>>> print(open('start_25.cif').read())   # mmCIF, C-alpha atoms
data_start
loop_
_atom_site.label_atom_id
_atom_site.label_comp_id
_atom_site.auth_asym_id
_atom_site.auth_seq_id
_atom_site.Cartn_x
_atom_site.Cartn_y
_atom_site.Cartn_z
CA MET A 1 202.45 86.56 180.20
CA ALA A 2 198.66 86.26 180.43
CA GLU A 3 196.44 88.28 178.12
CA ILE A 4 193.50 90.35 179.33
CA GLY A 5 190.76 91.63 177.05
CA ILE A 6 190.07 95.35 177.49
CA GLY A 7 186.75 96.93 176.59
CA ILE A 8 186.53 100.72 176.49
CA VAL A 9 183.20 102.52 176.55
CA GLY A 10 183.81 105.80 174.72
CA GLY A 11 186.15 106.53 171.86
CA GLY A 12 186.57 110.30 172.15
CA TYR A 13 189.22 112.33 174.01
CA MET A 14 189.66 109.96 176.96
CA GLY A 15 188.75 106.80 175.06
CA LYS A 16 191.63 107.43 172.69
CA ALA A 17 193.99 108.17 175.61
CA HIS A 18 193.09 104.89 177.31
CA ALA A 19 193.37 102.91 174.07
CA ALA A 20 196.86 104.31 173.51
CA ALA A 21 197.77 103.56 177.12
CA TYR A 22 196.70 99.92 177.00
CA GLY A 23 198.45 99.52 173.69
CA SER A 24 201.83 100.42 175.20
CA VAL A 25 201.70 99.83 178.97
CA ALA A 26 202.99 96.25 178.94
CA THR A 27 206.05 97.27 176.93
CA LEU A 28 206.92 100.16 179.25
CA PHE A 29 206.16 98.54 182.61
CA ASP A 30 206.52 94.81 181.79
CA THR A 31 203.17 94.14 183.46
CA ALA A 32 202.15 90.63 184.46
CA LEU A 33 199.05 91.03 182.27
CA ARG A 34 199.33 91.97 178.59
CA PRO A 35 196.27 93.97 177.46
CA ARG A 36 194.43 93.03 174.31
CA LEU A 37 192.25 95.79 172.81
CA GLU A 38 189.15 93.67 172.44
CA MET A 39 186.21 96.04 171.95
CA VAL A 40 185.37 99.75 171.83
CA CYS A 41 181.89 101.20 172.23
CA ALA A 42 180.78 104.48 170.65
CA SER A 43 177.51 106.34 170.12
CA SER A 44 176.95 104.85 166.65
CA GLU A 45 178.09 101.83 164.65
CA ALA A 46 179.93 104.14 162.25
CA SER A 47 181.86 105.82 165.08
CA ALA A 48 182.60 102.45 166.66
CA ALA A 49 184.02 101.15 163.38
CA LYS A 50 186.15 104.29 163.03
CA TYR A 51 187.59 103.97 166.54
CA ARG A 52 188.08 100.22 166.10
CA ASP A 53 190.25 100.74 163.05
CA ALA A 54 192.05 103.84 164.33
CA PHE A 55 192.93 102.48 167.77
CA GLY A 56 193.53 98.81 166.91
CA PHE A 57 190.56 97.13 168.60
CA ALA A 58 189.40 93.72 167.44
CA ARG A 59 185.76 94.83 167.39
CA GLY A 60 183.48 97.83 167.80
CA THR A 61 179.88 98.27 168.93
CA ALA A 62 177.29 100.95 169.59
CA ASP A 63 175.81 98.93 172.48
CA TRP A 64 177.64 99.22 175.80
CA GLN A 65 175.71 96.24 177.16
CA ALA A 66 177.14 94.08 174.39
CA LEU A 67 180.62 95.18 175.40
CA VAL A 68 180.13 94.58 179.11
CA ASN A 69 178.54 91.15 178.55
CA ASP A 70 181.04 89.94 175.98
CA PRO A 71 183.03 86.96 177.37
CA LYS A 72 186.23 88.19 175.68
CA VAL A 73 186.05 91.51 177.55
CA ASP A 74 187.74 90.80 180.88
CA ALA A 75 187.92 94.38 182.20
CA VAL A 76 185.85 97.48 181.46
CA VAL A 77 187.14 101.04 181.10
CA ILE A 78 184.41 103.70 181.30
CA ALA A 79 185.33 106.83 179.34
CA SER A 80 181.81 108.00 178.48
CA PRO A 81 179.74 110.94 179.83
CA GLN A 82 179.17 111.14 183.58
CA ASN A 83 175.47 110.32 183.39
CA THR A 84 176.28 106.89 181.90
CA HIS A 85 178.83 105.78 184.51
CA ARG A 86 176.47 104.23 187.04
CA LYS A 87 174.57 101.82 184.82
CA ILE A 88 177.70 100.61 183.02
CA ALA A 89 179.65 100.04 186.25
CA LEU A 90 176.78 98.22 187.95
CA ALA A 91 176.35 95.90 184.96
CA ALA A 92 180.06 95.08 184.91
CA PHE A 93 180.23 94.48 188.67
CA ALA A 94 177.22 92.14 188.42
CA LEU A 95 179.46 89.96 186.25
CA GLY A 96 182.43 90.34 188.58
CA LYS A 97 184.46 92.28 186.02
CA PRO A 98 187.08 94.88 187.06
CA VAL A 99 186.08 98.47 186.28
CA PHE A 100 188.15 101.58 185.68
CA CYS A 101 185.95 104.69 185.60
CA GLU A 102 186.89 108.18 184.55
CA LYS A 103 186.19 110.97 187.03
CA PRO A 104 183.82 112.11 188.34
CA LEU A 105 182.77 108.67 189.58
CA GLY A 106 179.05 109.44 189.33
CA ALA A 107 177.01 112.30 187.94
CA THR A 108 175.53 112.67 191.44
CA LEU A 109 176.45 111.67 194.97
CA ALA A 110 173.69 109.05 194.86
CA ASP A 111 175.32 107.55 191.75
CA SER A 112 178.69 107.36 193.48
CA ILE A 113 177.21 105.77 196.60
CA ALA A 114 175.51 103.10 194.48
CA MET A 115 178.65 102.47 192.42
CA HIS A 116 180.86 102.14 195.49
CA ALA A 117 178.36 99.77 197.11
CA ALA A 118 178.25 97.61 193.96
CA ALA A 119 182.03 97.51 193.79
CA THR A 120 182.27 96.48 197.43
CA GLU A 121 179.58 93.83 197.12
CA SER A 122 181.11 92.30 194.00
CA GLY A 123 184.65 92.31 195.36
CA ALA A 124 185.84 93.26 191.86
CA ILE A 125 188.86 95.49 191.29
CA ASN A 126 187.86 99.13 190.85
CA MET A 127 189.69 102.38 190.14
CA VAL A 128 188.90 106.02 189.34
CA GLY A 129 190.77 108.11 186.76
CA PHE A 130 192.48 110.83 188.76
CA ASN A 131 195.51 111.07 186.48
CA TYR A 132 197.16 114.37 187.47
CA ILE A 133 198.18 113.24 190.94
CA ARG A 134 200.13 110.44 189.22
CA THR A 135 202.85 112.60 187.68
CA PRO A 136 206.30 111.65 189.03
CA ALA A 137 206.56 115.15 190.54
CA SER A 138 203.25 114.99 192.41
CA GLN A 139 203.91 111.43 193.57
CA TYR A 140 207.22 112.70 194.95
CA ALA A 141 205.47 115.64 196.60
CA CYS A 142 203.19 113.17 198.38
CA GLN A 143 206.28 111.33 199.62
CA LEU A 144 207.92 114.52 200.88
CA VAL A 145 204.82 115.52 202.84
CA ALA A 146 204.31 112.01 204.26
CA GLU A 147 207.95 111.81 205.36
CA GLY A 148 207.65 115.13 207.21
CA ARG A 149 210.22 116.82 205.00
CA ILE A 150 208.40 120.17 205.28
CA GLY A 151 207.25 119.54 208.85
CA ASP A 152 203.63 119.77 209.93
CA VAL A 153 201.46 121.15 207.12
CA THR A 154 199.75 124.40 208.07
CA TYR A 155 198.26 125.60 204.78
CA PHE A 156 197.36 124.27 201.32
CA ARG A 157 196.41 126.31 198.27
CA GLY A 158 195.30 124.43 195.18
CA GLU A 159 193.70 125.25 191.86
CA HIS A 160 192.53 123.63 188.68
CA THR A 161 192.16 126.42 186.17
CA GLU A 162 191.73 126.40 182.39
CA ASP A 163 190.44 128.89 179.83
CA PHE A 164 188.59 126.77 177.27
CA LEU A 165 185.39 128.77 177.95
CA ALA A 166 186.99 132.12 178.81
CA ASP A 167 185.70 133.76 175.62
CA PRO A 168 182.08 134.84 176.32
CA ALA A 169 181.34 134.71 172.59
CA LEU A 170 181.81 130.93 172.45
CA PRO A 171 178.55 129.07 171.83
CA GLY A 172 176.92 126.77 174.35
CA THR A 173 177.77 123.06 174.23
CA TRP A 174 177.05 119.97 176.33
CA ARG A 175 179.69 121.32 178.73
CA THR A 176 177.48 124.30 179.59
CA GLN A 177 174.44 122.16 180.45
CA GLY A 178 173.85 120.13 183.61
CA VAL A 179 175.52 120.36 187.02
CA SER A 180 177.80 117.35 186.46
CA ASN A 181 179.31 119.00 183.35
CA GLY A 182 180.12 122.29 185.10
CA THR A 183 183.42 123.23 186.66
CA MET A 184 182.51 121.58 189.97
CA GLY A 185 181.78 118.32 188.16
CA ASP A 186 184.54 118.52 185.58
CA LEU A 187 187.64 120.24 186.96
CA ALA A 188 187.14 120.45 190.73
CA PRO A 189 187.35 116.67 191.34
CA HIS A 190 190.98 116.57 190.20
CA MET A 191 192.22 119.17 192.67
CA ILE A 192 189.99 117.91 195.48
CA ASN A 193 191.57 114.51 194.94
CA GLY A 194 195.01 116.12 194.84
CA ALA A 195 194.40 117.96 198.11
CA ARG A 196 193.23 114.76 199.79
CA ALA A 197 196.23 112.83 198.50
CA LEU A 198 198.73 115.47 199.60
CA ILE A 199 197.20 116.67 202.89
CA GLY A 200 194.41 114.29 203.90
CA PRO A 201 190.63 114.34 204.42
CA ILE A 202 188.70 117.62 204.22
CA THR A 203 186.34 117.93 207.18
CA ALA A 204 184.62 121.31 206.67
CA LEU A 205 184.31 123.90 203.92
CA CYS A 206 182.70 127.13 202.81
CA ALA A 207 182.24 127.56 199.06
CA GLN A 208 181.14 130.08 196.44
CA VAL A 209 180.05 128.68 193.08
CA GLU A 210 179.10 130.95 190.20
CA THR A 211 178.27 131.19 186.52
CA VAL A 212 180.30 134.01 184.97
CA HIS A 213 178.71 133.93 181.52
CA ALA A 214 174.99 133.21 181.97
CA LYS A 215 174.31 133.15 178.22
CA ARG A 216 176.14 131.44 175.38
CA GLY A 217 174.58 132.85 172.25
CA THR A 218 170.86 132.26 172.69
CA GLU A 219 171.39 129.40 175.13
CA THR A 220 171.12 129.78 178.90
CA VAL A 221 174.04 128.20 180.76
CA THR A 222 172.81 125.83 183.47
CA ASN A 223 176.04 125.09 185.31
CA ASP A 224 179.01 126.84 186.91
CA ASP A 225 182.07 128.51 185.37
CA GLN A 226 184.17 128.93 188.49
CA ALA A 227 184.17 128.23 192.21
CA GLN A 228 186.29 128.72 195.29
CA MET A 229 186.24 127.21 198.73
CA MET A 230 187.94 127.64 202.06
CA CYS A 231 188.40 124.35 203.85
CA ARG A 232 189.74 122.71 206.98
CA PHE A 233 191.67 119.46 206.80
CA GLU A 234 191.47 116.65 209.33
CA ASN A 235 195.07 117.32 210.40
CA GLY A 236 194.16 120.93 211.30
CA ALA A 237 195.64 122.63 208.24
CA GLN A 238 193.75 125.43 206.48
CA GLY A 239 193.13 125.34 202.77
CA HIS A 240 191.83 127.30 199.81
CA LEU A 241 190.85 125.71 196.50
CA PHE A 242 189.89 127.47 193.26
CA PHE A 243 188.46 125.96 190.09
CA SER A 244 187.71 127.69 186.80
CA ARG A 245 187.11 127.04 183.11
CA VAL A 246 187.18 130.79 182.37
CA ALA A 247 190.66 131.56 183.80
CA THR A 248 192.06 133.49 180.83
CA GLY A 249 195.61 132.41 180.02
CA ARG A 250 195.54 129.18 182.00
CA LYS A 251 195.77 126.04 179.85
CA MET A 252 196.45 123.32 182.44
CA GLY A 253 196.49 125.12 185.77
CA TYR A 254 196.56 122.13 188.11
CA ALA A 255 198.76 123.82 190.68
CA TYR A 256 199.34 123.77 194.42
CA GLU A 257 201.43 125.29 197.17
CA ILE A 258 201.95 123.59 200.52
CA HIS A 259 203.34 125.35 203.60
CA GLY A 260 204.74 123.46 206.57
CA THR A 261 206.62 124.23 209.76
CA LYS A 262 209.94 123.23 208.16
CA GLY A 263 209.48 124.10 204.49
CA ALA A 264 207.19 124.42 201.50
CA ILE A 265 206.40 122.83 198.13
CA ARG A 266 205.16 124.38 194.88
CA PHE A 267 203.96 122.65 191.70
CA ASP A 268 202.29 123.67 188.44
CA GLN A 269 201.06 121.13 185.88
CA GLU A 270 202.02 123.48 183.04
CA ASP A 271 205.59 122.64 184.07
CA GLN A 272 204.82 119.09 185.15
CA ASN A 273 208.39 117.82 185.21
CA ALA A 274 209.51 120.24 187.91
CA LEU A 275 208.84 120.44 191.64
CA HIS A 276 209.90 123.41 193.75
CA LEU A 277 211.05 122.64 197.30
CA TYR A 278 211.96 125.05 200.11
CA THR A 279 213.53 123.83 203.34
CA MET A 280 214.61 125.84 206.38
CA ASP A 281 218.23 124.71 206.13
CA GLY A 282 221.44 126.74 206.18
CA PRO A 283 221.83 130.49 206.67
CA GLU A 284 218.83 132.73 205.94
CA ALA A 285 220.77 134.58 203.24
CA GLU A 286 221.03 131.37 201.16
CA ARG A 287 217.50 130.08 201.52
CA GLY A 288 215.04 129.88 198.64
CA PHE A 289 212.99 127.47 196.55
CA ARG A 290 215.07 125.05 194.51
CA LYS A 291 213.81 123.53 191.29
CA ILE A 292 213.88 119.74 191.21
CA LEU A 293 213.74 118.23 187.72
CA THR A 294 212.08 114.82 187.69
CA GLY A 295 214.16 111.84 186.66
CA PRO A 296 214.68 108.09 187.23
CA ALA A 297 214.87 108.65 191.01
CA HIS A 298 211.22 109.70 191.09
CA PRO A 299 208.15 107.40 191.06
CA ASP A 300 207.09 105.88 187.71
CA TYR A 301 209.60 107.92 185.68
CA LEU A 302 212.29 105.38 184.69
CA PRO A 303 210.07 103.16 182.48
CA PHE A 304 209.60 106.14 180.15
CA CYS A 305 213.13 107.54 180.04
CA GLN A 306 216.57 106.99 181.58
CA GLY A 307 217.53 110.66 181.38
CA PRO A 308 216.81 113.10 184.23
CA GLY A 309 215.06 116.25 183.08
CA HIS A 310 213.89 114.73 179.79
CA GLY A 311 210.36 114.65 181.13
CA THR A 312 207.05 112.83 180.88
CA GLY A 313 203.78 114.07 179.39
CA TYR A 314 200.01 113.88 179.73
CA GLN A 315 199.65 110.53 177.94
CA ASP A 316 202.21 109.03 180.31
CA GLN A 317 199.89 109.75 183.24
CA ILE A 318 197.23 107.59 181.58
CA ILE A 319 199.76 104.83 180.99
CA ILE A 320 200.67 104.91 184.70
CA GLU A 321 196.95 104.54 185.48
CA ALA A 322 196.76 101.53 183.17
CA LYS A 323 199.78 99.99 184.89
CA ASP A 324 198.16 100.43 188.30
CA PHE A 325 194.84 98.96 187.10
CA LEU A 326 196.51 95.92 185.54
CA THR A 327 198.65 95.41 188.65
CA ALA A 328 195.55 95.53 190.85
CA ILE A 329 193.84 92.92 188.67
CA ALA A 330 196.91 90.67 188.58
CA THR A 331 197.45 90.83 192.35
CA LYS A 332 193.71 90.81 193.18
CA THR A 333 194.36 93.83 195.41
CA ASN A 334 192.83 97.27 194.86
CA ILE A 335 195.24 100.15 194.32
CA TRP A 336 194.34 103.77 195.20
CA PRO A 337 192.40 105.69 193.94
CA THR A 338 189.47 103.29 194.15
CA PHE A 339 185.73 103.97 193.95
CA ALA A 340 185.92 104.82 197.67
CA GLU A 341 188.09 107.84 196.78
CA GLY A 342 185.77 108.80 193.92
CA LEU A 343 182.86 108.71 196.35
CA GLU A 344 184.61 110.96 198.89
CA VAL A 345 185.53 113.48 196.19
CA ASN A 346 181.92 113.53 195.01
CA ARG A 347 180.79 114.02 198.62
CA ILE A 348 182.97 117.14 198.88
CA VAL A 349 181.63 118.48 195.56
CA THR A 350 178.08 118.00 196.84
CA ALA A 351 178.92 119.71 200.13
CA ALA A 352 180.49 122.65 198.27
CA LEU A 353 177.43 123.14 196.06
CA ASP A 354 175.19 123.09 199.13
CA SER A 355 177.51 125.46 201.01
CA SER A 356 177.31 127.92 198.14
CA ASP A 357 173.50 127.78 198.18
CA LYS A 358 173.39 128.24 201.95
CA LYS A 359 176.21 130.81 202.04
CA ALA A 360 177.58 129.00 205.09
CA TRP A 361 180.23 126.61 206.38
CA VAL A 362 179.21 122.95 206.18
CA THR A 363 180.56 119.71 207.61
CA VAL A 364 181.50 117.20 204.91
CA ALA A 365 180.48 114.17 207.00
CA ASP A 366 176.87 115.43 206.91
CA TYR A 367 176.60 114.49 203.21
#
>>> encode(input="start_25.cif", output="structure tokens")
Amino acid sequence: MAEIGIGIVGGGYMGKAHAAAYGSVATLFDTALRPRLEMVCASSEASAAKYRDAFGFARGTADWQALVNDPKVDAVVIASPQNTHRKIALAAFALGKPVFCEKPLGATLADSIAMHAAATESGAINMVGFNYIRTPASQYACQLVAEGRIGDVTYFRGEHTEDFLADPALPGTWRTQGVSNGTMGDLAPHMINGARALIGPITALCAQVETVHAKRGTETVTNDDQAQMMCRFENGAQGHLFFSRVATGRKMGYAYEIHGTKGAIRFDQEDQNALHLYTMDGPEAERGFRKILTGPAHPDYLPFCQGPGHGTGYQDQIIIEAKDFLTAIATKTNIWPTFAEGLEVNRIVTAALDSSDKKAWVTVADY
């Protein structure tokens, strides 16, 4: 089994998740490549040393360029703020190194266009961190829709709602400054990606984006708290998406409902090991949604547990991402979601922001 040196830029929330994932993925999935935690980059030498020791890296640095250029770092994982993604990715691609980048791909559409172009030109493996669509339940939902189990899809309702800023008394932070850190930059990409994976491309939309709490203490909030958009999919289905960081009571509200001509599907990430399926079978008096508990028969479940209904968790989604990234590198074949998907999601975010400003329907292909 060949080793591969992993360098992670960022040691915080997502940096830790990726470090844990690469530390265990080869054991769970028996990957052809065995990751070696080679280097972690943080904002200071002290933080880098702390993350190095805590996560089991060989080395730490406060210079992302040193990490990218190090010959022992074979693949780069970007888990740093959005406004740093572009320069790190472009430097890694210039060396032909595979890059995994957390969402959103770029802080702006221009960033994402440049990053996708660099990935294409280099021919290097690339992937974006849309983890929620990777749960066994949502992967199975994608299969059910693709197989026509619920017929032709007529309507999709999706949301990504949380309440970490629901309290208006909370002070301002980096999250309340800058468009890319608002709800449209932070939460919306996940559900937009989910909608595209489940239903297909979004061709037109009409959005409303708003800041609910304009002040946090003495600080003026410069980005959005919540947004909604009506949309039309390429296959003709209608859709409605809602995103919020002030949705009181919602902790991980990545949820969707899909209606088709032969049935329907419901899912809620707060109960991520269950999928609800309705099919128009049997007598009307006996019809209703049935709860399907995920188990070894569902995608990417068995490596974690042999027992149906025992369940997987958030960290397991990141491990599945690591498995896919390593498999792509080993086979020299990109695996979805690539930078192309990150670019299309960012295009929709940009279209939605413009639609809200114009108070009008817009065509996504115009962006």
>>> closest_residue(input="start_25.cif", among="A:Gly129, A:Gly200, A:Gly56, A:Gly342", to="A:Lys16", atoms="all atoms listed in the file")
A:Gly56
>>> residues_around(input="start_25.cif", residues="A:Leu33", least_positions_apart="6", cutoff="8 Å", atoms="only C-alpha atoms", output="number ranges by chain")
A: 1-4, 26, 326-327, 330
>>> resolve_selection(input="start_25.cif", expression="the PyMOL selection byres ((chain A and resi 199) around 8)", output="list in words")
Val145, Val153, Phe156, Ala195, Arg196, Ala197, Leu198, Gly200, Pro201, Phe233 and Asn235 of chain A
>>> residues_near_point(input="start_25.cif", point="(193.9, 93.5, 172.4)", cutoff="8 Å", atoms="only C-alpha atoms", output="list in words")
Ile4, Gly5, Ile6, Gly23, Pro35, Arg36, Leu37, Glu38, Gly56, Phe57 and Ala58 of chain A
>>> closest_residue(input="start_25.cif", among="A:Ala137, A:Ile202, A:Ala20, A:Ala42", to="A:Gln238", atoms="all atoms listed in the file")
A:Ile202
